[in-house]
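Reproduced below: structure.txt, with compact mmCIF, C-alpha atoms and all ligand atoms.
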```txt
# COMPACT_ATOMS: atom_id res chain seq x y z
CA MET K 1 2.72 99.83 110.70
CA LYS K 2 4.48 99.01 107.40
CA TYR K 3 5.22 95.52 106.16
CA ILE K 4 7.93 94.16 103.85
CA LEU K 5 7.66 90.59 102.60
CA ILE K 6 10.84 89.26 100.96
CA VAL K 7 10.77 85.91 99.17
CA GLY K 8 13.97 84.28 97.94
CA ASP K 9 12.43 81.75 95.59
CA GLY K 10 13.63 78.22 96.34
CA MET K 11 16.33 79.31 98.83
CA ALA K 12 15.69 76.43 101.23
CA ASP K 13 17.81 73.34 100.65
CA TYR K 14 19.30 70.23 102.27
CA PRO K 15 22.72 69.73 103.88
CA LEU K 16 25.33 69.10 101.18
CA ASP K 17 28.54 67.06 101.31
CA GLU K 18 30.36 69.65 99.22
CA LEU K 19 29.53 72.21 101.94
CA ASP K 20 30.66 69.92 104.78
CA GLY K 21 27.08 69.16 105.73
CA LYS K 22 25.87 72.74 105.55
CA THR K 23 22.96 74.01 103.48
CA PRO K 24 23.50 76.87 101.00
CA LEU K 25 21.73 79.23 103.44
CA GLN K 26 24.17 78.16 106.17
CA ALA K 27 27.19 78.39 103.91
CA ALA K 28 26.32 81.79 102.44
CA ASN K 29 27.61 84.92 104.15
CA THR K 30 24.35 86.55 105.31
CA PRO K 31 25.03 89.11 108.06
CA ASN K 32 21.75 90.95 107.47
CA MET K 33 19.53 87.86 107.58
CA ASP K 34 21.34 86.76 110.74
CA LYS K 35 20.81 90.20 112.29
CA LEU K 36 17.06 89.79 111.69
CA ALA K 37 17.23 86.37 113.35
CA ARG K 38 19.09 87.69 116.41
CA GLU K 39 16.69 90.62 116.83
CA GLY K 40 13.55 88.78 115.70
CA ILE K 41 12.06 85.31 115.52
CA VAL K 42 12.63 82.31 113.28
CA GLY K 43 10.47 79.28 112.62
CA THR K 44 9.05 77.11 109.87
CA ALA K 45 6.01 77.38 107.62
CA LYS K 46 4.49 74.54 105.63
CA THR K 47 3.66 76.43 102.45
CA ILE K 48 2.75 73.33 100.42
CA PRO K 49 -0.39 71.64 101.80
CA ASP K 50 -0.37 67.83 101.82
CA GLY K 51 -1.49 66.42 98.50
CA MET K 52 -0.57 69.53 96.48
CA LEU K 53 2.40 69.86 94.15
CA PRO K 54 5.27 72.12 95.33
CA GLY K 55 4.94 74.74 92.60
CA SER K 56 5.78 78.41 92.94
CA ASP K 57 2.08 79.10 92.30
CA VAL K 58 0.82 77.17 95.35
CA ALA K 59 3.77 78.31 97.47
CA ASN K 60 3.48 82.01 96.66
CA LEU K 61 -0.28 81.98 97.25
CA ALA K 62 0.44 80.58 100.72
CA VAL K 63 3.20 83.11 101.36
CA MET K 64 0.77 85.88 100.38
CA GLY K 65 -1.68 84.59 103.00
CA TYR K 66 -4.13 82.72 100.77
CA ASP K 67 -5.05 79.11 101.54
CA PRO K 68 -3.97 77.24 98.38
CA GLN K 69 -6.54 74.51 99.03
CA ARG K 70 -9.24 77.14 98.76
CA TYR K 71 -7.93 79.51 96.09
CA TYR K 72 -5.61 77.58 93.82
CA SER K 73 -6.89 76.68 90.39
CA GLY K 74 -3.67 76.30 88.41
CA ARG K 75 -0.69 78.49 87.61
CA ALA K 76 -1.75 79.87 84.25
CA PRO K 77 -4.85 81.81 85.46
CA LEU K 78 -2.58 83.72 87.88
CA GLU K 79 -0.17 84.51 85.07
CA ALA K 80 -3.06 85.56 82.84
CA ALA K 81 -4.09 88.03 85.54
CA SER K 82 -0.61 89.54 85.57
CA MET K 83 -0.63 89.89 81.78
CA GLY K 84 -3.98 91.67 81.92
CA ILE K 85 -5.72 88.82 80.11
CA ARG K 86 -9.29 88.33 81.30
CA LEU K 87 -10.42 84.74 81.18
CA GLU K 88 -14.04 83.91 80.35
CA PRO K 89 -15.74 81.21 82.45
CA ASP K 90 -15.63 78.79 79.51
CA GLU K 91 -11.89 79.28 78.98
CA THR K 92 -8.87 77.40 80.31
CA ALA K 93 -5.42 78.96 80.48
CA PHE K 94 -2.22 76.92 80.00
CA ARG K 95 1.36 77.88 80.80
CA CYS K 96 3.28 77.68 77.53
CA ASN K 97 7.06 77.40 78.01
CA LEU K 98 9.50 77.86 75.18
CA VAL K 99 11.83 74.89 75.73
CA THR K 100 14.83 73.27 74.08
CA VAL K 101 14.34 69.62 73.15
CA GLU K 102 17.05 67.69 71.34
CA ASN K 103 16.74 64.06 70.22
CA GLY K 104 13.64 63.68 72.37
CA ILE K 105 15.44 64.90 75.52
CA MET K 106 14.39 67.98 77.53
CA GLN K 107 17.62 69.97 77.33
CA ASP K 108 16.32 73.21 78.80
CA TYR K 109 12.94 74.18 80.28
CA SER K 110 13.77 77.85 79.55
CA GLY K 111 14.85 77.71 75.90
CA GLY K 112 18.31 78.90 76.94
CA HIS K 113 16.79 81.69 79.03
CA ILE K 114 15.61 83.28 75.84
CA SER K 115 15.13 87.04 75.89
CA THR K 116 11.64 88.51 76.03
CA THR K 117 12.07 90.19 72.65
CA GLU K 118 13.16 87.00 70.87
CA ALA K 119 10.44 85.01 72.60
CA LYS K 120 7.77 87.48 71.54
CA GLY K 121 8.66 86.92 67.88
CA LEU K 122 8.54 83.15 68.31
CA ILE K 123 5.23 83.06 70.20
CA GLU K 124 3.65 85.38 67.65
CA ALA K 125 4.74 82.95 64.93
CA VAL K 126 3.24 80.05 66.89
CA ASP K 127 -0.02 81.99 67.28
CA ALA K 128 -0.12 82.89 63.58
CA ASN K 129 0.39 79.25 62.57
CA LEU K 130 -1.43 77.28 65.26
CA GLY K 131 -3.89 79.77 66.77
CA ASN K 132 -7.55 80.03 65.78
CA GLU K 133 -10.85 81.21 67.30
CA GLU K 134 -10.57 78.72 70.13
CA ILE K 135 -6.79 78.72 70.69
CA ARG K 136 -4.73 81.85 71.38
CA PHE K 137 -1.07 82.23 72.32
CA HIS K 138 0.01 85.28 74.34
CA PRO K 139 3.68 86.27 74.72
CA GLY K 140 4.95 86.83 78.29
CA VAL K 141 8.40 87.26 79.83
CA SER K 142 11.48 85.27 78.72
CA TYR K 143 10.44 81.61 78.32
CA ARG K 144 7.09 81.99 80.13
CA HIS K 145 4.04 82.37 77.88
CA LEU K 146 0.37 81.56 77.86
CA MET K 147 -2.14 79.64 75.79
CA VAL K 148 -5.86 80.27 76.29
CA LEU K 149 -8.28 77.61 75.13
CA LYS K 150 -12.05 77.75 74.78
CA ASN K 151 -12.48 74.23 76.00
CA ASP K 152 -12.87 72.27 79.24
CA ILE K 153 -10.20 69.62 79.01
CA LEU K 154 -8.60 68.03 82.07
CA PRO K 155 -5.29 66.50 81.02
CA THR K 156 -2.38 65.53 83.25
CA CYS K 157 0.63 67.70 82.46
CA THR K 158 4.21 67.74 83.76
CA PRO K 159 6.24 70.92 84.43
CA PRO K 160 9.22 70.97 82.06
CA HIS K 161 11.65 72.02 84.84
CA ASP K 162 10.94 68.65 86.50
CA ILE K 163 12.24 66.65 83.54
CA THR K 164 15.57 68.32 82.72
CA ASP K 165 17.85 65.84 80.88
CA LYS K 166 15.03 63.28 80.63
CA ALA K 167 13.24 61.84 77.60
CA ILE K 168 10.04 63.83 77.07
CA GLU K 169 7.90 60.95 75.77
CA PRO K 170 6.65 59.61 79.16
CA PHE K 171 5.91 63.17 80.34
CA LEU K 172 3.79 64.39 77.42
CA PRO K 173 0.18 65.33 78.35
CA GLN K 174 -2.05 62.40 79.27
CA GLY K 175 -5.81 61.96 79.64
CA SER K 176 -8.65 64.23 78.55
CA GLY K 177 -7.65 66.51 75.68
CA ALA K 178 -4.06 65.25 75.71
CA GLY K 179 -4.13 64.38 72.02
CA MET K 180 -4.84 67.97 70.99
CA LEU K 181 -2.12 69.32 73.32
CA ARG K 182 0.46 66.87 71.97
CA GLU K 183 -0.44 67.84 68.42
CA LEU K 184 0.05 71.53 69.23
CA MET K 185 3.37 70.84 70.95
CA PHE K 186 4.75 68.83 68.04
CA ALA K 187 3.36 71.23 65.44
CA SER K 188 5.17 74.05 67.24
CA CYS K 189 8.52 72.31 66.57
CA GLN K 190 8.16 72.88 62.84
CA VAL K 191 7.21 76.54 63.25
CA LEU K 192 10.02 77.20 65.73
CA GLU K 193 12.82 75.19 64.09
CA ALA K 194 12.22 77.10 60.85
CA HIS K 195 12.16 80.53 62.48
CA GLU K 196 14.91 83.05 61.76
CA ILE K 197 15.21 83.97 65.46
CA ASN K 198 16.23 80.39 66.25
CA HIS K 199 18.66 80.29 63.30
CA GLN K 200 20.32 83.39 64.75
CA ARG K 201 20.45 81.86 68.24
CA VAL K 202 22.14 78.71 66.96
CA LYS K 203 24.67 80.84 65.02
CA GLN K 204 25.45 82.71 68.25
CA GLY K 205 26.03 79.42 70.05
CA LYS K 206 22.80 79.71 72.05
CA LYS K 207 20.18 77.03 72.54
CA PRO K 208 17.24 77.23 70.15
CA ALA K 209 13.77 77.55 71.72
CA ASN K 210 12.47 74.81 69.47
CA MET K 211 9.27 73.57 71.13
CA ILE K 212 6.37 74.80 73.24
CA TRP K 213 5.55 72.88 76.40
CA LEU K 214 1.99 73.13 77.75
CA TRP K 215 1.25 72.63 81.45
CA GLY K 216 -0.01 74.38 84.63
CA TYR K 217 -3.54 74.92 83.35
CA GLY K 218 -6.52 76.25 85.27
CA LYS K 219 -9.87 78.01 85.20
CA PRO K 220 -10.44 81.68 86.18
CA ILE K 221 -10.18 82.41 89.94
CA GLU K 222 -11.77 84.80 92.43
CA MET K 223 -10.15 85.78 95.73
CA PRO K 224 -10.58 88.59 98.28
CA THR K 225 -8.14 91.48 97.94
CA PHE K 226 -5.46 92.44 100.44
CA GLN K 227 -7.45 95.56 101.22
CA GLN K 228 -10.52 93.47 102.05
CA ARG K 229 -8.55 91.01 104.17
CA PHE K 230 -6.06 93.23 105.98
CA GLY K 231 -7.05 96.80 105.14
CA LEU K 232 -3.68 97.30 103.45
CA SER K 233 -2.71 98.67 100.05
CA GLY K 234 0.61 98.00 98.45
CA GLY K 235 2.67 96.61 95.62
CA VAL K 236 4.48 93.58 94.29
CA ILE K 237 7.99 93.65 92.84
CA SER K 238 8.80 90.58 90.78
CA ALA K 239 10.08 89.73 87.33
CA VAL K 240 7.91 86.63 87.29
CA ASP K 241 4.44 86.85 85.73
CA LEU K 242 3.02 84.28 88.10
CA VAL K 243 3.94 86.28 91.19
CA ARG K 244 2.76 89.54 89.67
CA GLY K 245 -0.50 87.75 88.84
CA ILE K 246 -1.05 86.60 92.42
CA GLY K 247 -0.40 90.19 93.47
CA ARG K 248 -2.87 91.52 90.96
CA CYS K 249 -5.54 88.99 92.07
CA ALA K 250 -4.86 90.23 95.63
CA GLY K 251 -5.45 93.82 94.50
CA LEU K 252 -1.78 94.86 94.77
CA ARG K 253 -0.06 97.07 92.21
CA SER K 254 2.62 95.56 90.06
CA ILE K 255 5.70 97.78 90.36
CA ASP K 256 7.97 97.99 87.32
CA VAL K 257 11.65 98.13 88.23
CA PRO K 258 14.19 98.67 85.45
CA GLY K 259 16.66 95.84 84.92
CA ILE K 260 14.86 93.05 86.73
CA THR K 261 15.25 89.76 84.90
CA GLY K 262 14.07 86.85 87.05
CA TYR K 263 17.65 85.57 86.83
CA TYR K 264 21.07 85.89 88.53
CA ASP K 265 21.74 89.22 86.86
CA THR K 266 18.64 90.93 88.23
CA ASN K 267 18.68 94.48 89.61
CA TYR K 268 18.73 93.57 93.32
CA ILE K 269 19.38 97.09 94.58
CA GLY K 270 16.66 98.50 92.33
CA LYS K 271 14.15 96.10 93.85
CA ALA K 272 15.00 97.34 97.34
CA GLU K 273 14.93 101.01 96.35
CA TYR K 274 11.58 100.73 94.61
CA ALA K 275 10.19 98.79 97.58
CA LEU K 276 11.19 101.60 99.94
CA ASP K 277 9.51 103.99 97.54
CA VAL K 278 6.25 102.00 97.66
CA LEU K 279 6.24 102.31 101.45
CA LYS K 280 6.17 106.11 101.23
CA ASN K 281 2.48 105.94 100.33
CA ASP K 282 1.45 102.35 100.99
CA ASP K 283 1.73 99.93 103.90
CA PHE K 284 2.78 96.70 102.26
CA VAL K 285 5.34 95.60 99.71
CA PHE K 286 6.23 92.12 98.47
CA ILE K 287 9.68 91.67 96.93
CA HIS K 288 10.14 88.39 95.09
CA ILE K 289 13.57 87.24 93.87
CA GLU K 290 13.67 84.31 91.47
CA ALA K 291 17.46 83.86 91.22
CA PRO K 292 18.05 81.18 93.92
CA ASP K 293 15.37 78.97 92.34
CA GLU K 294 16.90 79.29 88.87
CA ALA K 295 20.32 78.43 90.31
CA SER K 296 18.84 75.34 91.98
CA HIS K 297 17.10 74.17 88.80
CA ASN K 298 20.45 74.53 87.04
CA GLY K 299 22.20 72.58 89.81
CA ASP K 300 24.59 75.52 90.18
CA LEU K 301 25.59 75.63 93.86
CA LYS K 302 27.97 78.58 93.49
CA ALA K 303 25.28 80.65 91.79
CA LYS K 304 22.77 79.72 94.49
CA ILE K 305 25.05 80.86 97.30
CA LYS K 306 25.84 84.05 95.37
CA ALA K 307 22.10 84.72 94.83
CA ILE K 308 21.46 84.30 98.58
CA GLU K 309 24.36 86.64 99.37
CA ASP K 310 23.07 89.18 96.83
CA ILE K 311 19.64 89.10 98.47
CA ASP K 312 21.27 89.59 101.86
CA GLU K 313 23.57 92.42 100.86
CA LYS K 314 21.77 94.22 98.06
CA VAL K 315 18.10 93.72 98.87
CA LEU K 316 17.96 93.34 102.64
CA GLY K 317 21.05 95.47 103.26
CA THR K 318 19.68 98.37 101.21
CA ILE K 319 16.32 98.12 102.95
CA LEU K 320 17.80 98.02 106.44
CA LYS K 321 19.87 101.13 105.70
CA HIS K 322 16.79 103.20 104.87
CA ILE K 323 13.96 101.40 106.63
CA PRO K 324 11.08 103.59 107.87
CA ASP K 325 10.05 103.46 111.55
CA ASN K 326 7.30 101.04 112.59
CA THR K 327 8.16 98.49 109.93
CA ARG K 328 8.21 94.72 109.99
CA ILE K 329 10.08 92.36 107.68
CA LEU K 330 9.19 88.76 106.88
CA LEU K 331 11.81 86.90 104.85
CA LEU K 332 11.43 83.33 103.61
CA PRO K 333 11.58 81.10 100.53
CA ASP K 334 8.28 80.09 98.96
CA HIS K 335 9.37 76.40 98.87
CA GLU K 336 12.53 74.28 98.97
CA THR K 337 14.45 73.77 95.73
CA PRO K 338 17.28 71.39 96.65
CA ILE K 339 20.37 71.61 94.46
CA SER K 340 20.70 67.83 94.67
CA THR K 341 17.38 67.18 92.91
CA LYS K 342 17.18 70.38 90.79
CA THR K 343 13.47 70.55 91.48
CA HIS K 344 11.00 71.83 94.07
CA ALA K 345 10.27 69.96 97.32
CA SER K 346 7.39 70.15 99.81
CA GLY K 347 9.12 70.44 103.19
CA PRO K 348 8.40 73.29 105.61
CA VAL K 349 10.48 76.40 104.84
CA PRO K 350 12.48 78.50 107.31
CA PHE K 351 11.31 82.06 107.93
CA VAL K 352 12.60 85.03 109.87
CA MET K 353 10.33 87.82 111.13
CA TRP K 354 11.70 91.06 112.48
CA GLY K 355 10.67 94.56 113.42
CA ASP K 356 8.33 96.71 115.41
CA GLY K 357 6.62 94.82 118.25
CA ILE K 358 8.26 91.46 117.50
CA LYS K 359 9.95 90.14 120.62
CA PRO K 360 13.19 88.30 119.89
CA ASP K 361 13.56 84.58 120.54
CA ASP K 362 17.00 83.12 121.19
CA SER K 363 17.95 82.31 117.60
CA LEU K 364 21.36 83.43 116.34
CA SER K 365 21.13 82.84 112.61
CA TYR K 366 18.64 82.41 109.79
CA ASP K 367 18.82 78.99 108.16
CA GLU K 368 17.03 75.65 107.99
CA ASN K 369 18.67 74.39 111.19
CA SER K 370 17.87 77.31 113.43
CA ALA K 371 14.30 77.38 112.08
CA GLN K 372 13.81 73.70 112.83
CA ARG K 373 14.93 74.24 116.43
CA SER K 374 12.19 76.86 116.88
CA GLN K 375 8.83 76.00 118.43
CA LEU K 376 7.12 78.37 116.02
CA ARG K 377 5.71 76.15 113.29
CA PHE K 378 2.95 77.11 110.91
CA GLU K 379 1.38 73.82 109.82
CA ALA K 380 -0.94 75.85 107.61
CA GLY K 381 1.79 77.99 106.07
CA TRP K 382 -0.65 80.56 104.64
CA LYS K 383 -1.45 81.69 108.20
CA ILE K 384 2.02 83.18 108.59
CA LEU K 385 0.97 86.38 106.84
CA GLU K 386 -1.90 86.96 109.27
CA TYR K 387 0.56 86.45 112.10
CA PHE K 388 3.02 88.86 110.48
CA ILE K 389 0.40 91.56 109.97
CA GLN K 390 -1.84 91.13 112.97
CA GLY K 391 0.92 90.47 115.46
CA GLN K 392 1.64 87.66 117.83
CA ARG K 393 -1.94 87.53 119.01
CA ILE K 394 -3.46 84.98 116.70
CA GLN K 395 -3.58 81.26 117.36
CA ILE K 396 -1.22 79.01 115.48
CA SER K 397 -0.97 75.27 115.56
CA ALA K 398 2.31 74.23 117.14
ZN ZN Z 401 9.18 79.19 93.63
```

Produce structure tokens that represent the structure in this file.
Ligand SMILES: [Zn+2]
Amino acid sequence: MKYILIVGDGMADYPLDELDGKTPLQAANTPNMDKLAREGIVGTAKTIPDGMLPGSDVANLAVMGYDPQRYYSGRAPLEAASMGIRLEPDETAFRCNLVTVENGIMQDYSGGHISTTEAKGLIEAVDANLGNEEIRFHPGVSYRHLMVLKNDILPTCTPPHDITDKAIEPFLPQGSGAGMLRELMFASCQVLEAHEINHQRVKQGKKPANMIWLWGYGKPIEMPTFQQRFGLSGGVISAVDLVRGIGRCAGLRSIDVPGITGYYDTNYIGKAEYALDVLKNDDFVFIHIEAPDEASHNGDLKAKIKAIEDIDEKVLGTILKHIPDNTRILLLPDHETPISTKTHASGPVPFVMWGDGIKPDDSLSYDENSAQRSQLRFEAGWKILEYFIQGQRIQISA
């Protein structure tokens, strides 16, 4: 049996007045997702355990079949894994965003979706000016970078995408070690404001990436591999370091696909084609698409619907055209990202499961409504992957 896991990051949403009470998933034209629903089963999975924050880190661990309450130790260690950075036991990794702050307001958590090349120059400048034997900055993809600290501090940090258009002051790090983090963040402003790359960006009418924002920290993690748990080998296709990192911690290969961006303009068809290629030799592939989440954070309803339709047509459609025999597909968002709040939420997410040996229920479409009508509810969302792989034999809590 072969298995394809497709995650549309943040696809799940709430009913919207501007869509006459429909959700974006309901409003989008998704013939392929609906075909899976008619021929397969739909239900809900609670990917965010009670008491945990609805981050893509926690949610994607759950979607990959790992209990976040057992294996989660912060976002940054997972990203470090994807970047090939080995953390020592006495080190703490922090996510380091390049952000745009103007007049004390968080204008953009992504520094105007800065390119990887520009960002690399900026992070290297930050490292040269603020790094030392105990503090290192590592460039990643687009606005997502890493700081590794030889220190055990336990501050409270806020994700920058949760404070878009808000004053940053109340959301600066608090508690143990917060003073040092604040100093680094403010010191970065001088380095970044003065940098030629930002001067060029401003000239081109783009937002300057004029501050680093530190958050999402954690200590090194250990978890069993996919091979150990399910006897499967495979790969992960994602533009997002965090997701590639979870894959790498799970012993899955990170597959490079040309033209994938983590944004609306990603190479959807390429993702599907490379996934089919992985299945020639392996049994499992995880395709992660970030675009619907980015659209939600930007409050851009049109872009969200388009991203869902692109996933349906270009990713799922391409896969269904060339799918090998004896294959199953599981498609779901990692978490909700409602357009109305522009940030993640913790509600159960709708899933659809289709393929060899999966007996259809009576659902007609794939969306939040049809999933909520289903009796199939994974209260521990991470168990959905066992169910997907081991069949409809295992016990689930209804
Ligand atoms: Zn996410």

- request: Give the residues close to ligand ZN 401 (chain Z), within 7 Å, counting all atoms listed in the file; write them as an MDAnalysis selection string.
  value: chainID K and resid 9:10 55:56 59 293 334:335

task: Considering only C-alpha atoms, state which residue in the set K:Met52, K:Met211, K:Pro24, K:His344 is at the smallest distance from Ser188 of chain K.
output: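 Ranked by minimum distance to Ser188 of chain K, first place goes to K:Met211.
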
- prompt: Skipping near chain neighbours, those fewer than 4 positions away, what residues fall within 7 Å of Leu122 of chain K using all atoms listed in the file, listed as an MDAnalysis selection string?
  reply: chainID K and resid 118 126 192

- prompt: When distances are computed from all atoms listed in the file, which of K:Ile212, K:Val63, K:Val236, K:Ala303 shows the smallest separation from Val257 of chain K?
  reply: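 The answer is K:Val236, which sits nearest to Val257 of chain K.
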
query: Using all atoms listed in the file, which of the listed residues (K:Asn129, K:Ser110, K:Gln190, K:Thr44) sits closest to Pro348 of chain K?
result: K:Thr44

- request: Would you please work out which residue, of K:Leu330, K:Ile123, K:Leu98, K:Ala93, is nearest to Trp213 of chain K when using all atoms listed in the file?
  value: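 Smallest distance to Trp213 of chain K is found for K:Leu98.
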
query: With all atoms listed in the file as the atoms that count, which of K:Val141, K:Leu61, K:Val202, K:Ile4 lies nearest to Val243 of chain K?
result: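 Selected residue with least distance to Val243 of chain K: K:Leu61.
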
task: Show which residues sit within 10 Å of Phe137 of chain K, as a list in words. Count only C-alpha atoms, and ignore same-chain residues fewer than 2 positions away.
output: Ala93, Phe94, Arg95, Cys96, Ile123, Glu124, Ala125, Val126, Asp127, Ala128, Leu130, Gly131, Asn132, Ile135, Pro139, Gly140, His145, Leu146, Met147, Val148 and Leu149 of chain K
